[in-house]
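Taking it in order: structure first as structure tokens, then the write-up.
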Amino acid sequence: MEKATNRQKVLQQHLQPSPLFLQQHDSSVSASACSAKDGGACERAPALPDDVVIVAACRTPICKAVTGGFKDTRPEDLLAPVLKAIIERTNIEPGEVGDIVVGTVLAPGSLRGIECRMAAFYAGFPETVPIRTVSRQCSSSLQAVADIALSIKGGLYDIGVAAGLESMTVNYSEYMTATHLDSRPQNNPKILACPKAGDCRTPAGLTSEILAERYGVTRQEQDEAAVESHRRAAAATASGKFRDEIIPISTKLVDLKTGEEKSVVISVDDGIQPNTNMAVLAKLKPAFKKDGTTTAGNSSQVSDGASAVLLMKRSLAKMRRLPIIGVFRSFAATGVDPVVNGIGPVFAIPAAVKSAGLQLDDIGLFEINEAFGSQYVYCCRELKLDRNKVNVNGGAISLGHPWGATGARCVGTLLYEMKRRGKDSRFGVISMSIGSGMGAAGVF
């Protein structure tokens with residue numbers, strides 16, 4: 001634990017401008033946006049040339065796995081269009097990118113790595129640009145953003161791409177079989193001596209039930225959160241708020257009965273249910289426990305999708321006159337009890353906010369992944385967050401949750417909304433719980 005803490009401190013130090021840089025530019029400039037003693041009265045952080053900034057962020061529509069718009073789309077064909085789009089939006093040469101890091105969860109690492117490499121070639125990147133995958137469960141593409149930001153800050157390269165990819169149509173059933181439905185874990189005698197190790201394999205839905213029971217989150221609260229998520233997502237779609245982030249995808253759909261294939265263009269999220277209500281949700285039976293409170297209606301959707309973010313140094317963005325839509329400020333990952341992994345954001349958010357030199361009151365908007373209504377309600381309640389600042393355009397319950405793509409998707413959703421709100425929203429936070437008992441958060 002001590003080694004992990006020390007490593008976190010070292011990584012965070014890399015996010016700060018060097019003392020020599022500060023001395024050369026302005027000895028009065030603070031590396032932090034504001035300090036704890038400011039009592040929440042935070043001033044805008046100084047714009048430093050070595051800030052890591054986001055100049056483009058986009059995603060595919062998010063579609064329901066197995067039955068939705070991408071049910072017949074290969075994983076690499078989901079990723080390639082968003083990689084191509086961020087290059088076209090910025091007019092940079094693909095060969096200038098120092099690395100591409102793709103957050104992904106369900107597919108075997110070597111196979112998904114090959115698919116991502118293929119996607120990069122489809123998108124026009126030359127063979128000289130490397131690519132790798134990273135997995136930290138539901139935070140994988142937020143972790144990819146942090147990895148790219150730290151590499152740029154550390155001088156490894158000036159431009160990097162963080163992306164996310166998940167085809168739950170292709171990989172979800174295989175994952176569930178491998179992790180939850182066989183008997184191999186019980187055959188390992190070490191689990192008997194180390195219960196926490198066994199807890200890591202607790203099915204996600206059951207962790208939601210345990211959290212709801214342990215912390216007193218009711219079925220009604222979960223259903224209310226679901227209704228509001230769909231209402232906000234439907235309103236955001238109707239008003240065109242997602243147009244800046246969604247890239248229309250040309251693909252195919254195969255009729256299951258006739259085998260007929262037709263070409264289609266998918267341009268909107270297909271899991272939003274604008275007419276859902278409490279009465280409809282009340283009819284749904286618990287999905288994971290006979291007398292439970294977690295249902296298909298108040299849980300995140302199993303989805304397909306991809307996302308991408310282009311990061312570079314502020315000095316380079318200004319030199320190229322690229323629009324800066326956000327600044328990476330900090331990242332934190334924390335560990336929690338595996339059987340209630342949904343509480344992760346309660347610990348990760350304060351850690352990331354503190355690392356950025358801020359307080360919770362300084363944060364104008366939050367994107368907290370709605371893995372389950374239970375964890376979303378609990379995290380908002382425990383952190384005393386104003387719900388009017390959280391998931392203002394809906395979340396995973398309504399939009400869907402392609403695990404590896406969610407983090408980078410949230411970056412675009414958050415930053416474009418912050419841009420619309422201007423000075424009223426200077427800082428934003430993205431956070432999610434993580435399977436096996438963790439939480440992650442990033443400040444922008």
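The way I read the labels, and the way they are meant: chains A, B, ... in the order of the structure tokens, residue 1 as the first residue of every chain, and ligand 1 as the first ligand shown, with later ones counted on from there.
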Within 12 Å of Thr293 (chain A), counting only C-alpha atoms, which residues show up once you throw out same-chain ones fewer than 4 positions away? Write them as a PyMOL selection string, please.
chain A and resi 205-213+216-223+281-289+297-299+372-374
Save the residues we just selected, N, CA and C atoms, as a compact mmCIF listing (two decimals), in the first residue's frame?
# COMPACT_ATOMS: atom_id res chain seq x y z
N GLY A 205 -24.14 -7.26 -10.65
CA GLY A 205 -25.50 -7.01 -10.19
C GLY A 205 -25.68 -7.30 -8.72
N LEU A 206 -24.98 -8.32 -8.23
CA LEU A 206 -25.07 -8.65 -6.81
C LEU A 206 -24.39 -7.58 -5.96
N THR A 207 -23.29 -6.99 -6.46
CA THR A 207 -22.66 -5.90 -5.70
C THR A 207 -23.61 -4.73 -5.56
N SER A 208 -24.45 -4.51 -6.58
CA SER A 208 -25.46 -3.45 -6.50
C SER A 208 -26.46 -3.74 -5.39
N GLU A 209 -26.88 -5.00 -5.31
CA GLU A 209 -27.84 -5.39 -4.27
C GLU A 209 -27.24 -5.25 -2.87
N ILE A 210 -25.99 -5.65 -2.74
CA ILE A 210 -25.32 -5.54 -1.43
C ILE A 210 -25.20 -4.08 -1.03
N LEU A 211 -24.81 -3.23 -1.98
CA LEU A 211 -24.68 -1.79 -1.70
C LEU A 211 -26.02 -1.21 -1.27
N ALA A 212 -27.07 -1.51 -2.03
CA ALA A 212 -28.40 -0.96 -1.72
C ALA A 212 -28.85 -1.36 -0.32
N GLU A 213 -28.62 -2.62 0.03
CA GLU A 213 -29.04 -3.10 1.35
C GLU A 213 -28.17 -2.50 2.46
N GLY A 216 -28.84 1.48 2.47
CA GLY A 216 -30.21 1.96 2.52
C GLY A 216 -30.68 2.71 1.30
N VAL A 217 -30.37 2.20 0.11
CA VAL A 217 -30.87 2.81 -1.12
C VAL A 217 -32.10 2.03 -1.56
N THR A 218 -33.23 2.69 -1.68
CA THR A 218 -34.50 2.02 -1.95
C THR A 218 -34.72 1.78 -3.45
N ARG A 219 -35.64 0.89 -3.74
CA ARG A 219 -36.04 0.64 -5.13
C ARG A 219 -36.59 1.92 -5.75
N GLN A 220 -37.39 2.66 -4.99
CA GLN A 220 -37.97 3.89 -5.52
C GLN A 220 -36.88 4.89 -5.92
N GLU A 221 -35.87 5.04 -5.08
CA GLU A 221 -34.78 5.97 -5.39
C GLU A 221 -34.05 5.55 -6.66
N GLN A 222 -33.85 4.26 -6.82
CA GLN A 222 -33.16 3.76 -8.02
C GLN A 222 -34.00 3.99 -9.27
N ASP A 223 -35.29 3.71 -9.18
CA ASP A 223 -36.17 3.91 -10.33
C ASP A 223 -36.29 5.40 -10.67
N LEU A 281 -41.39 1.13 -14.77
CA LEU A 281 -40.24 0.51 -14.09
C LEU A 281 -40.69 -0.36 -12.91
N ALA A 282 -41.78 0.02 -12.27
CA ALA A 282 -42.26 -0.74 -11.11
C ALA A 282 -42.68 -2.15 -11.49
N LYS A 283 -43.00 -2.39 -12.75
CA LYS A 283 -43.43 -3.71 -13.21
C LYS A 283 -42.27 -4.68 -13.41
N LEU A 284 -41.05 -4.16 -13.44
CA LEU A 284 -39.88 -5.01 -13.71
C LEU A 284 -39.47 -5.78 -12.46
N LYS A 285 -39.15 -7.05 -12.67
CA LYS A 285 -38.73 -7.89 -11.55
C LYS A 285 -37.24 -7.69 -11.26
N PRO A 286 -36.80 -7.90 -10.02
CA PRO A 286 -35.37 -7.83 -9.70
C PRO A 286 -34.58 -8.78 -10.61
N ALA A 287 -33.43 -8.33 -11.06
CA ALA A 287 -32.67 -9.10 -12.04
C ALA A 287 -31.60 -10.00 -11.43
N PHE A 288 -31.20 -9.72 -10.19
CA PHE A 288 -30.04 -10.42 -9.64
C PHE A 288 -30.31 -11.12 -8.31
N LYS A 289 -31.43 -10.78 -7.68
CA LYS A 289 -31.75 -11.34 -6.38
C LYS A 289 -33.27 -11.37 -6.25
N GLY A 297 -34.26 -2.10 -15.56
CA GLY A 297 -34.63 -0.71 -15.80
C GLY A 297 -33.83 0.31 -15.03
N ASN A 298 -33.26 -0.06 -13.89
CA ASN A 298 -32.46 0.91 -13.13
C ASN A 298 -30.99 0.54 -13.11
N SER A 299 -30.57 -0.22 -14.12
CA SER A 299 -29.16 -0.57 -14.31
C SER A 299 -28.68 -0.03 -15.65
N PHE A 372 -25.18 1.34 -11.93
CA PHE A 372 -26.46 0.94 -11.33
C PHE A 372 -27.06 2.15 -10.64
N GLY A 373 -28.38 2.20 -10.62
CA GLY A 373 -29.03 3.29 -9.92
C GLY A 373 -28.63 3.34 -8.46
N SER A 374 -28.39 2.18 -7.86
CA SER A 374 -28.04 2.13 -6.44
C SER A 374 -26.75 2.88 -6.15
Could you list, as a ChimeraX atom specification, every residue within 8 Å of region 116-118 of chain A, counting only C-alpha atoms and ignoring same-chain residues fewer than 3 positions away?
/A:76,79,102,112-113,121-122,131-133
Sorted by chain and rising residue number, list the residues of region 108-226 of chain A at most 10 Å from region 381-399 of chain A (counting only C-alpha atoms), each with its closest atom pair and distance in Å to one decimal, as a tab-separated table.
residue	atom	partner	partner_atom	distance
A:Tyr215	CA	A:Glu382	CA	9.8
A:Val217	CA	A:Arg381	CA	9.9
A:Ala225	CA	A:Ile397	CA	8.7
A:Ala226	CA	A:Ile397	CA	6.2
Once you have the residues from the selection above, write them out as an mmCIF file, in the first residue's frame, restricted to N, CA and C atoms.
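File written: selection-v2.cif
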data_model
loop_
_atom_site.group_PDB
_atom_site.id
_atom_site.type_symbol
_atom_site.label_atom_id
_atom_site.label_comp_id
_atom_site.auth_asym_id
_atom_site.auth_seq_id
_atom_site.Cartn_x
_atom_site.Cartn_y
_atom_site.Cartn_z
ATOM 1 N N TYR A 215 -26.395 0.288 2.493
ATOM 2 C CA TYR A 215 -26.434 1.740 2.657
ATOM 3 C C TYR A 215 -27.842 2.325 2.516
ATOM 4 N N VAL A 217 -30.367 2.202 0.114
ATOM 5 C CA VAL A 217 -30.867 2.813 -1.117
ATOM 6 C C VAL A 217 -32.103 2.032 -1.560
ATOM 7 N N ALA A 225 -34.004 7.640 -10.256
ATOM 8 C CA ALA A 225 -32.759 8.005 -10.930
ATOM 9 C C ALA A 225 -32.792 7.561 -12.388
ATOM 10 N N ALA A 226 -33.373 6.392 -12.643
ATOM 11 C CA ALA A 226 -33.457 5.887 -14.010
ATOM 12 C C ALA A 226 -34.374 6.751 -14.873
#
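The two atoms in question, CA of Glu367 (chain A) and CA of Asp77 (chain A), are spaced 27.0 Å apart.
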Among the residues A:Ala332, A:Ile100, A:Ala356, A:Leu316, the one that comes closest to Ser151 (chain A) [using only C-alpha atoms]
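Of all the options, A:Ile100 lies closest to Ser151 (chain A).
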Determine, counting only C-alpha atoms, which protein, DNA and RNA residues have an atom within 10 Å of an atom of Ile343 (chain A); residues of the same chain fewer than 5 positions away are not included. Present the result as a PyMOL selection string.
chain A and resi 208+211+215+335-338+348+374-376+378-379+382+432-434+437-439
With DSSP run on the backbone, what are the helix (DSSP H, G or I) residues within region 85-214 of chain A? I'd like them as JSON, numbers by chain.
{"A": [85, 86, 87, 88, 89, 90, 94, 95, 96, 109, 110, 111, 112, 113, 114, 115, 116, 117, 118, 119, 120, 121, 122, 140, 141, 142, 143, 144, 145, 146, 147, 148, 149, 150, 151, 152, 153, 168, 169, 170, 171, 172, 173, 174, 175, 176, 177, 178, 179, 184, 185, 186, 187, 190, 191, 192, 193, 195, 196, 197, 198, 199, 204, 205, 206, 207, 208, 209, 210, 211, 212, 213, 214]}
Proximity to Arg74 (chain A) - best of A:Leu156, A:Ala441, A:Val170, A:Val309, only C-alpha atoms
A:Val170
Closest to Thr251 (chain A) among A:Leu78, A:Ala47, A:Ala123, A:Val411, using only C-alpha atoms?
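Among the listed residues, the smallest separation from Thr251 (chain A) belongs to A:Leu78.
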Distance criterion (only C-alpha atoms): nearest to Thr202 (chain A) out of A:Leu150, A:Val268, A:Val339, A:Ala234
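For Thr202 (chain A), the nearest of the candidates is A:Val339.
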Looking only at strand (DSSP E or B) from DSSP on the backbone, list the matching residues of region 274-385 of chain A as a PyMOL selection string.
chain A and resi 299+303-313+326-327+330-335+365-368+372
Take the residues that were just selected and, keeping C-alpha atoms, output them as a PDB file, in the first residue's frame.
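Result written to out30.pdb:
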ATOM      1  CA  SER A 299     -29.162  -0.575 -14.312  1.00  0.00           C
ATOM      2  CA  SER A 303     -23.910  -1.640 -25.139  1.00  0.00           C
ATOM      3  CA  ASP A 304     -21.577  -1.301 -28.115  1.00  0.00           C
ATOM      4  CA  GLY A 305     -19.551   1.830 -28.832  1.00  0.00           C
ATOM      5  CA  ALA A 306     -16.211   3.589 -29.217  1.00  0.00           C
ATOM      6  CA  SER A 307     -14.765   6.964 -28.241  1.00  0.00           C
ATOM      7  CA  ALA A 308     -11.580   8.977 -28.726  1.00  0.00           C
ATOM      8  CA  VAL A 309      -9.826  12.048 -27.330  1.00  0.00           C
ATOM      9  CA  LEU A 310      -6.854  13.950 -28.791  1.00  0.00           C
ATOM     10  CA  LEU A 311      -4.452  15.508 -26.274  1.00  0.00           C
ATOM     11  CA  MET A 312      -1.387  17.718 -26.678  1.00  0.00           C
ATOM     12  CA  LYS A 313       0.567  20.468 -24.936  1.00  0.00           C
ATOM     13  CA  GLY A 326     -10.532  21.242 -21.943  1.00  0.00           C
ATOM     14  CA  VAL A 327      -7.464  20.891 -19.727  1.00  0.00           C
ATOM     15  CA  SER A 330      -5.617  15.336 -12.251  1.00  0.00           C
ATOM     16  CA  PHE A 331      -6.493  11.665 -11.944  1.00  0.00           C
ATOM     17  CA  ALA A 332      -6.884   9.302  -9.008  1.00  0.00           C
ATOM     18  CA  ALA A 333      -7.742   5.632  -8.558  1.00  0.00           C
ATOM     19  CA  THR A 334      -8.637   4.165  -5.183  1.00  0.00           C
ATOM     20  CA  GLY A 335      -9.461   0.744  -3.778  1.00  0.00           C
ATOM     21  CA  LEU A 365     -20.308  19.603 -13.391  1.00  0.00           C
ATOM     22  CA  PHE A 366     -19.968  15.902 -12.661  1.00  0.00           C
ATOM     23  CA  GLU A 367     -20.190  12.849 -14.904  1.00  0.00           C
ATOM     24  CA  ILE A 368     -20.624   9.862 -12.590  1.00  0.00           C
ATOM     25  CA  PHE A 372     -26.455   0.940 -11.331  1.00  0.00           C
TER      26      PHE A 372
END
With distances taken over only C-alpha atoms, which of A:Ile266, A:Ala120, A:Val55, A:Ala235 is nearest to Ile249 (chain A)?
A:Ile266
For CA of Val97 (chain A) and CA of Ala149 (chain A), determine how far apart the two atoms are, in Å to one decimal place.
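Atom-to-atom, CA of Val97 (chain A) and CA of Ala149 (chain A) are spaced 12.9 Å apart.
Among the candidates A:Val346, A:Ala405, A:Lys64, A:Ala57, the one nearest to Val134 (chain A) when counting only C-alpha atoms is A:Ala405.
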Could you list, as number ranges by chain, every residue within 12 Å of Glu88 (chain A), counting only C-alpha atoms and ignoring same-chain residues fewer than 4 positions away?
A: 55-58, 81-84, 92-94, 123-125, 247, 310
Take the residues that were just selected and, keeping C-alpha atoms, output them as an mmCIF file, in the first residue's frame.
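Result file is again.cif:
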data_model
loop_
_atom_site.group_PDB
_atom_site.id
_atom_site.type_symbol
_atom_site.label_atom_id
_atom_site.label_comp_id
_atom_site.auth_asym_id
_atom_site.auth_seq_id
_atom_site.Cartn_x
_atom_site.Cartn_y
_atom_site.Cartn_z
ATOM 1 C CA VAL A 55 -8.426 19.623 -28.614
ATOM 2 C CA ALA A 56 -10.884 17.033 -29.939
ATOM 3 C CA ALA A 57 -13.265 14.462 -28.482
ATOM 4 C CA CYS A 58 -15.799 12.315 -30.275
ATOM 5 C CA PRO A 81 -14.164 6.075 -37.479
ATOM 6 C CA VAL A 82 -13.557 7.897 -34.195
ATOM 7 C CA LEU A 83 -9.782 7.711 -34.652
ATOM 8 C CA LYS A 84 -10.172 9.128 -38.139
ATOM 9 C CA ILE A 92 -2.870 17.146 -37.758
ATOM 10 C CA GLU A 93 -0.725 14.635 -39.572
ATOM 11 C CA PRO A 94 -1.475 11.146 -38.222
ATOM 12 C CA ALA A 123 -8.178 5.372 -39.875
ATOM 13 C CA GLY A 124 -5.085 6.403 -41.834
ATOM 14 C CA PHE A 125 -2.364 6.186 -39.195
ATOM 15 C CA ILE A 247 -19.774 10.692 -35.344
ATOM 16 C CA LEU A 310 -6.854 13.950 -28.791
#
